[in-house]
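Engineer: You'll find upload-v2.cif just under this line, and it carries mmCIF, C-alpha atoms.
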```cif
data_final
#
loop_
_atom_site.label_atom_id
_atom_site.label_comp_id
_atom_site.auth_asym_id
_atom_site.auth_seq_id
_atom_site.Cartn_x
_atom_site.Cartn_y
_atom_site.Cartn_z
CA MET A 1 -31.32 55.37 34.18
CA GLY A 2 -29.17 52.46 35.22
CA THR A 3 -31.88 50.40 36.89
CA GLU A 4 -34.47 47.91 35.72
CA ILE A 5 -38.06 47.85 36.98
CA LYS A 6 -40.03 44.63 36.79
CA ASN A 7 -42.50 44.82 33.92
CA ASN A 8 -46.19 45.12 34.82
CA THR A 9 -47.16 42.11 32.71
CA THR A 10 -50.50 41.50 34.46
CA GLY A 11 -51.77 45.07 34.11
CA ASN A 12 -52.11 45.77 37.84
CA ALA A 13 -52.61 49.34 38.99
CA VAL A 14 -49.66 51.75 39.20
CA LEU A 15 -50.54 54.70 41.45
CA VAL A 16 -48.71 58.03 41.80
CA TYR A 17 -49.59 60.60 44.48
CA ASP A 18 -47.95 64.04 44.40
CA THR A 19 -48.26 66.22 47.51
CA GLU A 20 -45.89 69.04 46.49
CA GLN A 21 -46.23 70.17 42.88
CA SER A 22 -48.99 71.92 40.98
CA GLU A 23 -51.25 70.11 38.54
CA ASP A 24 -49.41 71.74 35.62
CA GLN A 25 -46.03 70.55 36.88
CA LEU A 26 -47.34 67.06 37.57
CA PHE A 27 -48.76 66.91 34.04
CA LYS A 28 -45.39 68.02 32.64
CA ASN A 29 -43.57 65.36 34.67
CA LEU A 30 -45.96 62.61 33.55
CA THR A 31 -45.57 63.72 29.92
CA PHE A 32 -41.82 63.10 30.27
CA ILE A 33 -42.54 59.65 31.69
CA LEU A 34 -44.72 58.76 28.70
CA LYS A 35 -42.01 59.93 26.28
CA ARG A 36 -39.41 57.78 28.04
CA ALA A 37 -41.76 54.81 27.71
CA ASN A 38 -42.46 55.59 24.02
CA LEU A 39 -46.19 55.99 24.72
CA ASP A 40 -48.63 58.56 23.35
CA PHE A 41 -51.21 57.92 26.06
CA PRO A 42 -50.96 56.46 29.57
CA PRO A 43 -52.20 52.89 30.09
CA THR A 44 -55.60 52.59 31.76
CA TRP A 45 -53.96 51.09 34.87
CA PHE A 46 -51.68 54.12 35.39
CA LYS A 47 -53.29 56.65 37.78
CA ALA A 48 -51.80 59.91 39.05
CA TYR A 49 -53.25 62.31 41.61
CA CYS A 50 -52.29 65.85 42.59
CA LEU A 51 -53.00 66.22 46.33
CA VAL A 52 -51.64 69.74 46.83
CA GLY A 53 -55.05 71.38 47.31
CA MET A 54 -56.14 68.98 50.05
CA SER A 55 -55.56 68.91 53.79
CA ARG A 56 -53.19 66.29 55.18
CA LYS A 57 -56.10 64.25 56.52
CA GLU A 58 -57.87 64.37 53.15
CA ARG A 59 -54.69 63.26 51.36
CA MET A 60 -54.49 60.07 53.42
CA GLN A 61 -58.19 59.40 52.77
CA VAL A 62 -57.63 59.70 49.02
CA ILE A 63 -54.71 57.27 49.23
CA PHE A 64 -56.75 54.77 51.29
CA GLN A 65 -59.84 54.89 49.10
CA SER A 66 -58.08 54.87 45.72
CA MET A 67 -55.76 52.00 46.66
CA ASP A 68 -58.73 49.94 47.77
CA ARG A 69 -60.72 50.73 44.63
CA PHE A 70 -57.97 50.09 42.11
CA TYR A 71 -56.74 46.96 43.89
CA TYR A 72 -60.04 45.29 43.01
CA GLU A 73 -60.55 47.07 39.68
CA TYR A 74 -57.17 45.96 38.28
CA SER A 75 -56.77 42.70 40.23
CA GLY A 76 -53.88 44.06 42.27
CA ILE A 77 -51.47 46.99 42.65
CA HIS A 78 -48.08 46.75 40.94
CA MET A 79 -46.54 49.68 42.85
CA VAL A 80 -47.34 52.96 44.59
CA VAL A 81 -45.26 56.16 44.47
CA ILE A 82 -45.82 58.93 47.02
CA ASP A 83 -43.86 62.01 45.97
CA GLY A 84 -43.57 64.09 49.12
CA ILE A 85 -44.30 61.78 52.06
CA ALA A 86 -43.46 64.56 54.54
CA ASP A 87 -46.59 66.46 53.46
CA LEU A 88 -48.82 63.69 54.83
CA ILE A 89 -48.08 64.75 58.43
CA ALA A 90 -47.82 68.04 60.32
CA GLY A 91 -44.01 67.98 60.48
CA VAL A 92 -41.04 65.67 60.00
CA ASN A 93 -40.07 66.11 63.67
CA ASP A 94 -43.45 64.99 65.03
CA GLU A 95 -42.45 61.61 66.46
CA THR A 96 -45.99 60.29 67.05
CA GLN A 97 -47.27 61.15 63.58
CA SER A 98 -44.05 59.88 61.95
CA VAL A 99 -44.40 56.47 63.60
CA GLU A 100 -48.11 56.26 62.78
CA LEU A 101 -47.55 57.21 59.12
CA VAL A 102 -44.80 54.66 58.50
CA GLU A 103 -46.82 51.95 60.29
CA GLU A 104 -49.86 52.81 58.16
CA LEU A 105 -47.86 52.58 54.92
CA PHE A 106 -46.48 49.21 56.01
CA ARG A 107 -50.03 48.07 56.74
CA LEU A 108 -51.24 49.16 53.30
CA ALA A 109 -48.29 47.48 51.57
CA GLY A 110 -49.14 44.25 53.38
CA ILE A 111 -52.88 44.37 52.75
CA TYR A 112 -52.53 45.09 49.04
CA LYS A 113 -49.34 43.04 48.56
CA THR A 114 -47.48 45.86 46.86
CA CYS A 115 -44.34 48.01 47.00
CA ILE A 116 -44.66 51.62 48.20
CA VAL A 117 -41.92 54.01 47.07
CA SER A 118 -41.79 57.24 49.07
CA VAL A 119 -39.89 60.41 48.22
CA LEU A 120 -38.59 62.36 51.20
CA HIS A 121 -37.05 65.75 50.45
CA LEU A 122 -34.51 65.85 53.24
CA SER A 123 -30.77 66.31 52.91
CA PRO A 124 -29.02 63.25 54.36
CA SER A 125 -26.11 63.91 56.70
CA GLY A 126 -23.61 61.18 55.95
CA MET A 127 -25.57 57.95 56.24
CA LYS A 128 -28.43 59.08 58.49
CA LEU A 129 -31.60 60.99 57.61
CA ARG A 130 -32.67 63.91 59.74
CA GLY A 131 -35.93 64.29 61.63
CA HIS A 132 -38.17 61.73 63.33
CA LEU A 133 -39.78 60.81 60.01
CA GLY A 134 -36.37 60.16 58.46
CA SER A 135 -35.32 58.08 61.47
CA GLU A 136 -38.48 55.98 61.33
CA ILE A 137 -38.09 55.42 57.59
CA GLN A 138 -34.45 54.45 58.03
CA ARG A 139 -35.47 52.01 60.76
CA LYS A 140 -38.30 50.32 58.82
CA ALA A 141 -37.68 50.72 55.07
CA ALA A 142 -36.44 47.79 52.99
CA GLY A 143 -34.12 50.12 51.08
CA ILE A 144 -33.16 53.81 50.92
CA LEU A 145 -31.61 55.62 47.95
CA SER A 146 -30.20 59.14 48.09
CA ILE A 147 -29.87 61.44 45.06
CA GLU A 148 -27.18 64.09 45.48
CA LYS A 149 -26.20 66.86 43.05
CA GLU A 150 -22.46 67.16 42.60
CA ASP A 151 -21.09 70.68 43.00
CA ASN A 152 -18.27 70.43 40.48
CA THR A 153 -20.14 68.62 37.69
CA ASN A 154 -23.52 68.79 36.02
CA THR A 155 -24.46 65.34 37.26
CA SER A 156 -26.45 63.76 40.07
CA VAL A 157 -25.38 60.64 41.92
CA VAL A 158 -27.59 57.90 43.31
CA LYS A 159 -26.15 56.15 46.33
CA ALA A 160 -27.61 53.53 48.64
CA LEU A 161 -28.11 54.48 52.28
CA LYS A 162 -29.72 51.17 53.20
CA VAL A 163 -30.19 47.83 51.47
CA ARG A 164 -31.79 44.66 52.76
CA ASP A 165 -29.30 41.92 53.70
CA GLY A 166 -26.23 43.80 52.57
CA SER A 167 -24.00 46.82 52.99
CA PRO A 168 -24.92 50.07 51.17
CA LEU A 169 -21.20 50.81 50.92
CA ASP A 170 -20.82 47.91 48.47
CA VAL A 171 -23.47 49.25 46.07
CA PRO A 172 -21.98 51.08 43.03
CA LEU A 173 -22.63 54.80 42.66
CA ILE A 174 -24.97 55.48 39.72
CA GLN A 175 -24.78 58.84 37.97
CA PHE A 176 -27.12 60.63 35.57
CA GLY A 177 -27.44 64.07 34.04
CA TRP A 178 -29.50 66.27 31.76
CA ASN A 179 -29.17 65.72 28.01
CA LYS A 180 -30.06 68.89 26.07
CA GLU A 181 -30.54 67.09 22.75
CA LEU A 182 -32.95 64.52 24.20
CA ASN A 183 -34.41 67.09 26.62
CA ARG A 184 -34.39 64.62 29.51
CA HIS A 185 -32.15 62.99 32.11
CA VAL A 186 -29.98 60.11 30.91
CA PHE A 187 -27.90 57.41 32.56
CA LEU A 188 -24.19 58.26 32.62
CA GLY A 189 -22.85 54.99 33.99
CA GLU A 190 -21.37 54.03 37.33
CA LYS A 191 -18.73 56.09 39.08
CA SER A 192 -15.19 54.75 39.23
CA LYS A 193 -13.93 52.45 41.96
CA ALA A 194 -11.78 55.31 43.28
CA ASP A 195 -14.87 57.54 43.61
CA SER A 196 -16.75 54.75 45.37
CA GLU A 197 -13.89 54.25 47.81
CA ALA A 198 -13.72 58.00 48.47
CA ARG A 199 -17.46 58.02 49.15
CA LYS A 200 -17.08 55.09 51.56
CA MET A 201 -14.32 56.95 53.40
CA GLU A 202 -16.37 60.16 53.68
CA ASP A 203 -19.54 58.41 54.87
CA LEU A 204 -17.74 56.27 57.42
CA ALA A 205 -15.75 59.27 58.70
CA SER A 206 -18.97 61.28 59.08
CA THR A 207 -20.58 58.40 60.96
CA ALA A 208 -17.56 58.03 63.23
CA ARG A 209 -17.57 61.76 64.03
CA ASP A 210 -21.25 61.57 65.01
CA ILE A 211 -20.63 58.61 67.29
CA PHE A 212 -17.51 59.99 68.99
CA SER A 213 -18.93 63.53 69.38
CA SER A 214 -20.52 62.57 72.70
CA LYS A 215 -17.91 60.08 73.95
CA GLN A 216 -14.16 59.87 73.41
CA SER A 217 -13.77 56.08 73.54
CA TYR A 218 -15.90 52.93 73.26
CA SER A 219 -15.50 49.29 74.07
CA TYR A 220 -16.15 46.95 71.15
CA GLN A 221 -19.64 46.03 72.37
CA ASP A 222 -20.55 49.65 73.15
CA LEU A 223 -19.37 50.74 69.71
CA ILE A 224 -21.51 48.04 68.08
CA LYS A 225 -24.54 49.29 69.98
CA ALA A 226 -23.78 52.94 69.12
CA ILE A 227 -23.65 52.13 65.39
CA MET A 228 -26.83 50.05 65.61
CA ASP A 229 -28.64 52.92 67.34
CA LEU A 230 -27.35 55.56 64.92
CA LEU A 231 -27.85 53.73 61.61
CA TYR A 232 -30.62 51.28 62.59
CA VAL A 233 -28.64 48.29 61.37
CA LYS A 234 -28.29 44.80 62.81
CA GLU A 235 -25.33 43.62 64.88
CA ARG A 236 -23.66 41.81 61.97
CA MET A 237 -23.69 44.96 59.84
CA ALA A 238 -22.45 47.11 62.74
CA LYS A 239 -19.44 44.79 63.08
CA ASN A 240 -18.75 45.24 59.35
CA TYR A 241 -18.78 49.03 59.77
CA ILE A 242 -16.25 48.74 62.60
CA LYS A 243 -14.00 46.63 60.38
CA TYR A 244 -14.30 49.16 57.53
CA MET A 245 -13.43 52.02 59.91
CA LYS A 246 -10.40 50.18 61.24
CA ASP A 247 -9.15 49.23 57.77
CA LEU A 248 -9.48 52.84 56.60
CA ASN A 249 -7.73 54.15 59.72
CA ILE A 250 -10.77 56.14 60.83
CA ILE A 251 -10.77 54.56 64.28
CA GLU A 252 -8.10 52.73 66.19
CA LYS A 253 -8.03 50.29 69.08
CA GLY A 254 -5.93 50.86 72.16
CA ALA A 255 -3.27 48.43 73.30
CA GLY A 256 -4.25 45.36 75.30
CA THR A 257 -7.04 42.82 75.12
CA HIS A 258 -9.66 45.23 76.42
CA GLY A 259 -8.39 48.33 74.63
CA GLU A 260 -11.11 50.80 73.67
CA PHE A 261 -11.72 52.31 70.24
CA THR A 262 -10.98 55.99 69.66
CA LEU A 263 -11.35 58.34 66.71
CA VAL A 264 -8.25 59.01 64.63
CA GLN A 265 -7.51 62.68 63.90
CA LEU A 266 -8.71 62.83 60.29
CA PRO A 267 -7.24 65.33 57.79
CA PHE A 268 -10.68 66.20 56.36
#
```
Please render this file's structure as structure tokens.

Structural biologist:
Amino acid sequence: MGTEIKNNTTGNAVLVYDTEQSEDQLFKNLTFILKRANLDFPPTWFKAYCLVGMSRKERMQVIFQSMDRFYYEYSGIHMVVIDGIADLIAGVNDETQSVELVEELFRLAGIYKTCIVSVLHLSPSGMKLRGHLGSEIQRKAAGILSIEKEDNTNTSVVKALKVRDGSPLDVPLIQFGWNKELNRHVFLGEKSKADSEARKMEDLASTARDIFSSKQSYSYQDLIKAIMDLLYVKERMAKNYIKYMKDLNIIEKGAGTHGEFTLVQLPF
């Protein structure tokens, strides 16, 4: 649906863990995956587990043990998908457990030299995820994609919230929707440049409102730090956000060499 996944040419293990849906629903979802791949049966290296009936502690044990087993059985792990990462801890606002979970997933990715894709069912507010788990993921993840359903159309839009070594605002918006004839979701192309610019404006305005909600004005250095703390980005990227906000007339700088930045009264 608009993206390309590197082919598993060496037949390493592909592991899917579902913590939210029933076995019947997981089976239905995997059947759709096989149809999209033009397969009648799943490859031997493709393993899927329904973890709904287990405690949170047992779920992590299953993930540990199965990753270790299949890493050696299939000479490596191509990728891991955890659908419902929030159900591996007591709550998304538990700071200690959130930090420990993300650190553990990073450790597993390093040990088994693989990519772990996690699905977090939280509604992003602008460019920042809510909850301690969302904050820790935004701080540590190599990339974050958000899928949002549009209210006025029957389509969903994929937008980047974080990308390594780049700005998510420069990533095109990908859209997809349900095709009744094919009975599955299909790629509907990228959104127009005007839509992308409107999205950039909305996200930057939302970010600016969050930052200036607690303070009316910032020096340049303080504004850089505020953006870094809010979005968990590096200094170079924070400077880019300030430039974007100035160019779009979201913030303005006062007169003089040491003039502070303030929020422009936005019409939306």

Engineer: Check what the PyMOL selection byres ((chain A and resi 66) around 12) selects in the file above and give those residues as a list of chain:residue names.

Structural biologist: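 Given this file, the PyMOL selection byres ((chain A and resi 66) around 12) evaluates to A:Ala13, A:Val14, A:Leu15, A:Val16, A:Tyr17, A:Lys47, A:Ala48, A:Tyr49, A:Arg59, A:Met60, A:Gln61, A:Val62, A:Ile63, A:Phe64, A:Gln65, A:Met67, A:Asp68, A:Arg69, A:Phe70, A:Tyr71, A:Tyr72, A:Glu73, A:Tyr74, A:Ile77, A:Val80, A:Leu108, A:Tyr112.
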
Engineer: So which residues touch Ser156 of chain A within 8 Å, counting only C-alpha atoms, skipping near sequence neighbours fewer than 6 positions away, as a PDB file with C-alpha atoms, keeping the file's coordinate frame?

Structural biologist:
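Saved as around.pdb:
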```pdb
ATOM      1  CA  ILE A 147     -29.870  61.440  45.060  1.00  0.00           C
ATOM      2  CA  GLU A 148     -27.180  64.090  45.480  1.00  0.00           C
ATOM      3  CA  LYS A 149     -26.200  66.860  43.050  1.00  0.00           C
ATOM      4  CA  GLU A 150     -22.460  67.160  42.600  1.00  0.00           C
ATOM      5  CA  GLN A 175     -24.780  58.840  37.970  1.00  0.00           C
ATOM      6  CA  PHE A 176     -27.120  60.630  35.570  1.00  0.00           C
ATOM      7  CA  GLY A 177     -27.440  64.070  34.040  1.00  0.00           C
TER       8      GLY A 177
END
```

Engineer: Going by the chain IDs and residue numbers used in this file, which residues fall under the PyMOL selection byres ((chain A and resi 189-205) around 12)? Write them as a ChimeraX atom specification.

Structural biologist: /A:1-3,124-128,155-161,167-177,186-188,206-213,227,231,238,240-251,263-268

Engineer: Keeping only C-alpha atoms, take the residues you just selected and write them out as a PDB file, keeping the file's coordinate frame.

Structural biologist:
```pdb
ATOM      1  CA  MET A   1     -31.320  55.370  34.180  1.00  0.00           C
ATOM      2  CA  GLY A   2     -29.170  52.460  35.220  1.00  0.00           C
ATOM      3  CA  THR A   3     -31.880  50.400  36.890  1.00  0.00           C
ATOM      4  CA  PRO A 124     -29.020  63.250  54.360  1.00  0.00           C
ATOM      5  CA  SER A 125     -26.110  63.910  56.700  1.00  0.00           C
ATOM      6  CA  GLY A 126     -23.610  61.180  55.950  1.00  0.00           C
ATOM      7  CA  MET A 127     -25.570  57.950  56.240  1.00  0.00           C
ATOM      8  CA  LYS A 128     -28.430  59.080  58.490  1.00  0.00           C
ATOM      9  CA  THR A 155     -24.460  65.340  37.260  1.00  0.00           C
ATOM     10  CA  SER A 156     -26.450  63.760  40.070  1.00  0.00           C
ATOM     11  CA  VAL A 157     -25.380  60.640  41.920  1.00  0.00           C
ATOM     12  CA  VAL A 158     -27.590  57.900  43.310  1.00  0.00           C
ATOM     13  CA  LYS A 159     -26.150  56.150  46.330  1.00  0.00           C
ATOM     14  CA  ALA A 160     -27.610  53.530  48.640  1.00  0.00           C
ATOM     15  CA  LEU A 161     -28.110  54.480  52.280  1.00  0.00           C
ATOM     16  CA  SER A 167     -24.000  46.820  52.990  1.00  0.00           C
ATOM     17  CA  PRO A 168     -24.920  50.070  51.170  1.00  0.00           C
ATOM     18  CA  LEU A 169     -21.200  50.810  50.920  1.00  0.00           C
ATOM     19  CA  ASP A 170     -20.820  47.910  48.470  1.00  0.00           C
ATOM     20  CA  VAL A 171     -23.470  49.250  46.070  1.00  0.00           C
ATOM     21  CA  PRO A 172     -21.980  51.080  43.030  1.00  0.00           C
ATOM     22  CA  LEU A 173     -22.630  54.800  42.660  1.00  0.00           C
ATOM     23  CA  ILE A 174     -24.970  55.480  39.720  1.00  0.00           C
ATOM     24  CA  GLN A 175     -24.780  58.840  37.970  1.00  0.00           C
ATOM     25  CA  PHE A 176     -27.120  60.630  35.570  1.00  0.00           C
ATOM     26  CA  GLY A 177     -27.440  64.070  34.040  1.00  0.00           C
ATOM     27  CA  VAL A 186     -29.980  60.110  30.910  1.00  0.00           C
ATOM     28  CA  PHE A 187     -27.900  57.410  32.560  1.00  0.00           C
ATOM     29  CA  LEU A 188     -24.190  58.260  32.620  1.00  0.00           C
ATOM     30  CA  SER A 206     -18.970  61.280  59.080  1.00  0.00           C
ATOM     31  CA  THR A 207     -20.580  58.400  60.960  1.00  0.00           C
ATOM     32  CA  ALA A 208     -17.560  58.030  63.230  1.00  0.00           C
ATOM     33  CA  ARG A 209     -17.570  61.760  64.030  1.00  0.00           C
ATOM     34  CA  ASP A 210     -21.250  61.570  65.010  1.00  0.00           C
ATOM     35  CA  ILE A 211     -20.630  58.610  67.290  1.00  0.00           C
ATOM     36  CA  PHE A 212     -17.510  59.990  68.990  1.00  0.00           C
ATOM     37  CA  SER A 213     -18.930  63.530  69.380  1.00  0.00           C
ATOM     38  CA  ILE A 227     -23.650  52.130  65.390  1.00  0.00           C
ATOM     39  CA  LEU A 231     -27.850  53.730  61.610  1.00  0.00           C
ATOM     40  CA  ALA A 238     -22.450  47.110  62.740  1.00  0.00           C
ATOM     41  CA  ASN A 240     -18.750  45.240  59.350  1.00  0.00           C
ATOM     42  CA  TYR A 241     -18.780  49.030  59.770  1.00  0.00           C
ATOM     43  CA  ILE A 242     -16.250  48.740  62.600  1.00  0.00           C
ATOM     44  CA  LYS A 243     -14.000  46.630  60.380  1.00  0.00           C
ATOM     45  CA  TYR A 244     -14.300  49.160  57.530  1.00  0.00           C
ATOM     46  CA  MET A 245     -13.430  52.020  59.910  1.00  0.00           C
ATOM     47  CA  LYS A 246     -10.400  50.180  61.240  1.00  0.00           C
ATOM     48  CA  ASP A 247      -9.150  49.230  57.770  1.00  0.00           C
ATOM     49  CA  LEU A 248      -9.480  52.840  56.600  1.00  0.00           C
ATOM     50  CA  ASN A 249      -7.730  54.150  59.720  1.00  0.00           C
ATOM     51  CA  ILE A 250     -10.770  56.140  60.830  1.00  0.00           C
ATOM     52  CA  ILE A 251     -10.770  54.560  64.280  1.00  0.00           C
ATOM     53  CA  LEU A 263     -11.350  58.340  66.710  1.00  0.00           C
ATOM     54  CA  VAL A 264      -8.250  59.010  64.630  1.00  0.00           C
ATOM     55  CA  GLN A 265      -7.510  62.680  63.900  1.00  0.00           C
ATOM     56  CA  LEU A 266      -8.710  62.830  60.290  1.00  0.00           C
ATOM     57  CA  PRO A 267      -7.240  65.330  57.790  1.00  0.00           C
ATOM     58  CA  PHE A 268     -10.680  66.200  56.360  1.00  0.00           C
TER      59      PHE A 268
END
```

Engineer: May I ask which of the residues A:Thr153, A:Asn12, A:Ser217, A:Ser55 is the closest one to Thr262 of chain A, counting all atoms listed in the file?

Structural biologist: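 Between A:Thr153, A:Asn12, A:Ser217, A:Ser55, the residue approaching Thr262 of chain A most closely is A:Ser217.
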
Engineer: I need the residue set behind the PyMOL selection byres ((chain A and resi 84) around 9) for this file; please write it as a compact mmCIF listing (two decimals) with C-alpha atoms, in the frame of the given file.

Structural biologist:
```
# COMPACT_ATOMS: atom_id res chain seq x y z
CA TYR A 17 -49.59 60.60 44.48
CA ASP A 18 -47.95 64.04 44.40
CA THR A 19 -48.26 66.22 47.51
CA GLU A 20 -45.89 69.04 46.49
CA ILE A 82 -45.82 58.93 47.02
CA ASP A 83 -43.86 62.01 45.97
CA ILE A 85 -44.30 61.78 52.06
CA ALA A 86 -43.46 64.56 54.54
CA ASP A 87 -46.59 66.46 53.46
CA LEU A 88 -48.82 63.69 54.83
CA SER A 118 -41.79 57.24 49.07
CA VAL A 119 -39.89 60.41 48.22
CA LEU A 120 -38.59 62.36 51.20
CA HIS A 121 -37.05 65.75 50.45
```

Engineer: For Thr44 of chain A, which of A:Glu58, A:Glu100, A:Gly11, A:Lys215 is the closest residue, counting all atoms listed in the file?

Structural biologist: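 Closest residue, counting all atoms listed in the file: A:Gly11.
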
Engineer: Can you pull out the residues contacting Asp229 of chain A? Cut-off 10 Å, using all atoms listed in the file, and skip same-chain residues under 4 positions away; I want them as a list of chain:residue names.

Structural biologist: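 Residues meeting the cut-off are A:Arg139, A:Ile211, A:Leu223, A:Ile224, A:Lys225, A:Val233, A:Lys234, A:Ala238.
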
Engineer: May I have the residues within 9 Å of Phe261 of chain A as a list of chain:residue names, using all atoms listed in the file and disregarding those fewer than 4 positions away in the same chain?

Structural biologist: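 The contact residues come out as A:Gln216, A:Ser217, A:Tyr218, A:Ser219, A:Tyr220, A:Leu223, A:Ile251, A:Glu252, A:Lys253, A:Gly254.
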
Engineer: Pick out the residues sitting within 9 Å of Ser22 of chain A, and hand them over as a list in words; count only C-alpha atoms, and ignore anything fewer than 6 positions along from it in its own chain.

Structural biologist: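 Selected residues are Cys50, Leu51, Val52 and Gly53 of chain A.
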
Engineer: Output as a tab-separated table (two decimals), in the coordinates of the input: segment 13-35 of chain A, completed with N, CA and C atoms.

Structural biologist:
```tsv
chain	number	residue	atom	x	y	z
A	13	ALA	N	-52.61	47.88	38.87
A	13	ALA	CA	-52.61	49.34	38.99
A	13	ALA	C	-51.24	49.87	39.40
A	14	VAL	N	-50.85	50.99	38.79
A	14	VAL	CA	-49.66	51.75	39.20
A	14	VAL	C	-50.17	53.13	39.62
A	15	LEU	N	-49.94	53.49	40.89
A	15	LEU	CA	-50.54	54.70	41.45
A	15	LEU	C	-49.46	55.69	41.86
A	16	VAL	N	-49.65	56.96	41.45
A	16	VAL	CA	-48.71	58.03	41.80
A	16	VAL	C	-49.48	59.13	42.52
A	17	TYR	N	-48.99	59.52	43.70
A	17	TYR	CA	-49.59	60.60	44.48
A	17	TYR	C	-48.55	61.69	44.68
A	18	ASP	N	-48.87	62.92	44.28
A	18	ASP	CA	-47.95	64.04	44.40
A	18	ASP	C	-48.53	65.05	45.39
A	19	THR	N	-47.78	65.31	46.46
A	19	THR	CA	-48.26	66.22	47.51
A	19	THR	C	-47.60	67.59	47.44
A	20	GLU	N	-46.71	67.82	46.47
A	20	GLU	CA	-45.89	69.04	46.49
A	20	GLU	C	-46.08	69.94	45.28
A	21	GLN	N	-46.26	69.36	44.10
A	21	GLN	CA	-46.23	70.17	42.88
A	21	GLN	C	-47.63	70.47	42.36
A	22	SER	N	-47.72	71.52	41.56
A	22	SER	CA	-48.99	71.92	40.98
A	22	SER	C	-49.46	70.90	39.95
A	23	GLU	N	-50.72	71.01	39.55
A	23	GLU	CA	-51.25	70.11	38.54
A	23	GLU	C	-50.50	70.25	37.22
A	24	ASP	N	-50.15	71.50	36.87
A	24	ASP	CA	-49.41	71.74	35.62
A	24	ASP	C	-48.05	71.06	35.65
A	25	GLN	N	-47.34	71.16	36.79
A	25	GLN	CA	-46.03	70.55	36.88
A	25	GLN	C	-46.13	69.02	36.89
A	26	LEU	N	-47.14	68.51	37.57
A	26	LEU	CA	-47.34	67.06	37.57
A	26	LEU	C	-47.63	66.56	36.15
A	27	PHE	N	-48.46	67.29	35.42
A	27	PHE	CA	-48.76	66.91	34.04
A	27	PHE	C	-47.49	66.92	33.19
A	28	LYS	N	-46.65	67.93	33.39
A	28	LYS	CA	-45.39	68.02	32.64
A	28	LYS	C	-44.49	66.82	32.97
A	29	ASN	N	-44.40	66.49	34.25
A	29	ASN	CA	-43.57	65.36	34.67
A	29	ASN	C	-44.07	64.04	34.07
A	30	LEU	N	-45.39	63.85	34.08
A	30	LEU	CA	-45.96	62.61	33.55
A	30	LEU	C	-45.80	62.54	32.03
A	31	THR	N	-45.80	63.69	31.37
A	31	THR	CA	-45.57	63.72	29.92
A	31	THR	C	-44.17	63.20	29.60
A	32	PHE	N	-43.18	63.60	30.44
A	32	PHE	CA	-41.82	63.10	30.27
A	32	PHE	C	-41.77	61.59	30.46
A	33	ILE	N	-42.52	61.09	31.44
A	33	ILE	CA	-42.54	59.65	31.69
A	33	ILE	C	-43.08	58.90	30.48
A	34	LEU	N	-44.14	59.41	29.89
A	34	LEU	CA	-44.72	58.76	28.70
A	34	LEU	C	-43.73	58.75	27.54
A	35	LYS	N	-43.00	59.87	27.36
A	35	LYS	CA	-42.01	59.93	26.28
A	35	LYS	C	-40.91	58.90	26.50
```
